[in-house]
2 protein chains.
Amino acid sequence: MKPFIYKLLLTSLMLCFAARIHAQNIDALPSWNEKPSKQDIIAFVKNVTTENSPHFVPRAERIAVFDNDGTLWSEQPMYFQLAFALDRVKALASKHPEWNSTQPFKAALDGDMEAVMAGGEHALLELVMATHAGNTTDEFSHIVKDWLTTAKHPKTKRPYTEMVYQPMLELLAYLRANGFKTYIVSGGGIEFMRPWTEQVYGIPPEQVIGSSIKTEFQMRDGTPLLVRLPEINFIDDKAGKPVGINQHIGRRPIAAFGNSDGDLQMLQWTCSGSDKRFCLYLHHTDAEREWAYDSNSSIGRLDKGLDEAKTQGWTIVDMKNDWKIIYPITQQ
Amino acid sequence: MKPFIYKLLLTSLMLCFAARIHAQNIDALPSWNEKPSKQDIIAFVKNVTTENSPHFVPRAERIAVFDNDGTLWSEQPMYFQLAFALDRVKALASKHPEWNSTQPFKAALDGDMEAVMAGGEHALLELVMATHAGNTTDEFSHIVKDWLTTAKHPKTKRPYTEMVYQPMLELLAYLRANGFKTYIVSGGGIEFMRPWTEQVYGIPPEQVIGSSIKTEFQMRDGTPLLVRLPEINFIDDKAGKPVGINQHIGRRPIAAFGNSDGDLQMLQWTCSGSDKRFCLYLHHTDAEREWAYDSNSSIGRLDKGLDEAKTQGWTIVDMKNDWKIIYPITQQ
């Protein structure tokens, strides 16, 4: 009996401690080069999770917030949600013959992005309302999922959900393994992200915060529905990000990750707390493997944020030099 | 060595399975009488958590939503948040000499509730804006916490946080022990509830949904703040409840608990899904231990909801007969 008991005991103990041993011995961020950015992340996580550390943070308060466009997935040559809107214009065009002679729809149908952009914010808003409203929440969720199964990025020809950053996937998993709750806080549409973030990032719908249009509760033939209205509800960008965080989470995050000036207030709000906090900017420096852009880009402009990061001593990731790979390796 | 090893092994196994054994043998709802309402709850939970059940629901989708006023704590003779607002009027009166001659403030200062209520919704809104806005989110949180440490209910002389329903505390714990995520979805103020719901109900701030005023991000002397503005942002009541649920959670709950017509749309939204769902109304029937009211009450009116519950076969709790005790037993 004795060897059997030893074995059983050993197995029990191994099962109990497997996760812990695992975490101590392997590199949780294998796609990150050994640069200061990686060291900063690991030092921060050790600091707030070590029980005797003066900066120890209880598990319930380990909230980490991530921008999406340009921080978790690419955003060039246009926000992926705009590509979705343009594809929707084409899909809906047969029901809207008037679009053949009305801007910005004509430009969208012609694939003339310059003409679309010439219409400014108002034109984009018109495109979004025409393609995102008028259906139920369930219908819209299906439309997004269907689009993602077939749509391909114009440059890489990859599905959009494969243009997520492998090093950031590792970072999300590393934080969660250390008791963090990971949230998306994006200027993108909340209902555009929720159908796929759990599968792609491991972030469930209730941890996604974004811009939204209004919805209305209706009873149709005894069935309750939420109908999406062509009216802005909330813009989760710039000074709206701390507002969205407070509205949804109700506590201040201890870590924030972004890539543009649109994330600046979220990082300021996160890192002004009195305890140990962590703020990080991704700097798009890799023209070969991804895109290189910052202060002069109309999409994902990083200008004031970069100055503030240097002043405040926030971590800056140089994507070209700090990351071994950009996208997940997939079998295609 | 052998007895020591046996002992160690036994201890390991006991530790591993303690929770499970515990759950199987004890009554998780000891304050509930053996009535259909208790049986309905247990049958539902078994049904959705048993892996081979055709109604099995994965853990991530086990979302349960609870109204607060009249469902988790009492709401008579007035919503407790209104008592807070009236106390705040008194606390702030010295800074507002004009309130001595302006309604509804004069009535509030005189403790003349009839005159306050005579001003209708507009008067209440004025009181709320004057007492809930104009400070930062952090300041307001402290004000609520301070008030709760000293304020006492006019009838029971208990602190308001001890006027929560013991059977509902057991129900919350029972659902969480079975993998449910428990949310509050209340017409009350989201920022009024969040400072204390974790301690009192075990519900963290990010799982509290409620009505809100707008907030604005501001930098003051280099410090970022969220300032509370005297402007309605969202009313989380009636048809607003499914909207709030969708906005915050992004998936449909499988269980909903309420006590008034203000919860009807939340219950309809929850129970219209195709899978096994559970909806429950608390019926305030206990004039002696709590209050008895339904279709004729101005606070927590339950009229259409009761009819719908009967039509749909939802569970109805008769508080007088179904609950052994109302409030937690405290040492006072």
# chains A, B, ... in the order shown; residues from 1 in each chain; ligands from 1
>>> closest_atom_pairs(of="chain B", to="chain A", cutoff="7 Å", atoms="only C-alpha atoms", output="Markdown table")
| residue | atom | partner | partner_atom | distance |
| --- | --- | --- | --- | --- |
| B:Leu9 | CA | A:Leu9 | CA | 5.8 |
| B:Pro205 | CA | A:Gly250 | CA | 5.4 |
| B:Glu206 | CA | A:Ile249 | CA | 4.1 |
| B:Thr215 | CA | A:Val243 | CA | 6.4 |
| B:Glu216 | CA | A:Val243 | CA | 6.8 |
| B:Phe217 | CA | A:Ala239 | CA | 5.7 |
| B:Thr223 | CA | A:Ser272 | CA | 6.8 |
| B:Pro224 | CA | A:Trp269 | CA | 5.8 |
| B:Ala239 | CA | A:Phe217 | CA | 5.7 |
| B:Pro242 | CA | A:Phe217 | CA | 6.9 |
| B:Val243 | CA | A:Thr215 | CA | 6.4 |
| B:His248 | CA | A:Glu206 | CA | 6.0 |
| B:Ile249 | CA | A:Glu206 | CA | 4.1 |
| B:Gly250 | CA | A:Pro205 | CA | 5.3 |
| B:Gln268 | CA | A:Pro224 | CA | 6.7 |
| B:Trp269 | CA | A:Pro224 | CA | 5.8 |
| B:Ser272 | CA | A:Thr223 | CA | 6.8 |
>>> write_last_selection(atoms="C-alpha atoms", output="short mmCIF file (atom, residue, chain, number, x, y, z; two decimals), in the first residue's frame")
data_model
loop_
_atom_site.label_atom_id
_atom_site.label_comp_id
_atom_site.auth_asym_id
_atom_site.auth_seq_id
_atom_site.Cartn_x
_atom_site.Cartn_y
_atom_site.Cartn_z
CA LEU B 9 -3.71 12.37 2.45
CA PRO B 205 -19.29 47.66 -8.04
CA GLU B 206 -18.85 46.38 -11.61
CA THR B 215 -20.13 62.85 -15.11
CA GLU B 216 -17.39 64.91 -16.71
CA PHE B 217 -13.65 64.32 -16.79
CA THR B 223 -5.19 65.83 -10.95
CA PRO B 224 -7.81 64.08 -13.08
CA ALA B 239 -38.28 49.57 -20.09
CA PRO B 242 -33.42 45.62 -20.26
CA VAL B 243 -31.57 48.51 -21.92
CA HIS B 248 -23.60 46.70 -19.04
CA ILE B 249 -23.69 42.93 -19.40
CA GLY B 250 -24.16 42.35 -23.12
CA GLN B 268 -40.07 39.71 -19.59
CA TRP B 269 -36.67 40.21 -21.23
CA SER B 272 -38.52 35.17 -23.06
#
>>> residues_around(residues="Gln76 of chain B", least_positions_apart="4", cutoff="10 Å", atoms="only C-alpha atoms", output="VMD selection string")
chain B and resid 69 to 70 80 153 to 155 290 to 293 299 to 300
>>> residues_around(residues="Met113 of chain A", least_positions_apart="4", cutoff="10 Å", atoms="only C-alpha atoms", output="list in words")
Met78, Leu86, Pro104, Ala107, Ala108, Leu109, Met117 and Ala118 of chain A
>>> write_last_selection(atoms="C-alpha atoms", output="CSV table (one decimal), in the first residue's frame")
chain,number,residue,atom,x,y,z
A,78,MET,CA,-8.8,52.2,-41.7
A,86,LEU,CA,-18.6,49.9,-46.0
A,104,PRO,CA,-21.5,59.5,-48.7
A,107,ALA,CA,-18.6,57.1,-52.5
A,108,ALA,CA,-18.8,54.1,-50.3
A,109,LEU,CA,-20.3,52.0,-53.1
A,117,MET,CA,-13.4,61.0,-45.8
A,118,ALA,CA,-14.0,64.3,-47.5
>>> select_by_dssp(residues="segment 133-180 of chain A", states="strand (DSSP E or B)", output="list in words")
Thr136, Lys152, Pro159 and Val164 of chain A
>>> write_last_selection(atoms="N, CA, C and O atoms", output="compact mmCIF listing (two decimals), in the first residue's frame")
# COMPACT_ATOMS: atom_id res chain seq x y z
N THR A 136 -32.40 44.48 -34.43
CA THR A 136 -32.39 44.17 -33.00
C THR A 136 -30.96 43.85 -32.57
O THR A 136 -30.08 43.60 -33.41
N LYS A 152 -11.85 39.83 -45.31
CA LYS A 152 -10.39 39.73 -45.26
C LYS A 152 -9.79 41.12 -45.31
O LYS A 152 -10.29 42.00 -46.02
N PRO A 159 -8.18 37.09 -42.08
CA PRO A 159 -9.40 37.51 -41.38
C PRO A 159 -9.01 38.58 -40.35
O PRO A 159 -7.92 38.52 -39.78
N VAL A 164 -4.83 40.39 -34.66
CA VAL A 164 -4.64 40.76 -33.25
C VAL A 164 -3.16 40.55 -32.93
O VAL A 164 -2.47 39.76 -33.59
>>> closest_residue(among="A:Thr161, A:Gln166, A:Ser101, A:Ser186", to="Glu198 of chain A", atoms="only C-alpha atoms")
A:Thr161
>>> residues_around(residues="segment 275-282 of chain B", least_positions_apart="6", cutoff="9 Å", atoms="only C-alpha atoms", output="number ranges by chain")
B: 37, 40-41, 44, 47-48, 55-57, 70-71, 253-260, 263, 267-268, 305-306, 309, 313-319
>>> atom_distance(atom1="atom CA of Glu231 of chain B", atom2="atom CA of Ile213 of chain B")
5.4 Å
>>> residues_around(residues="Phe105 of chain A", least_positions_apart="3", cutoff="9 Å", atoms="only C-alpha atoms", output="count of residues only")
15
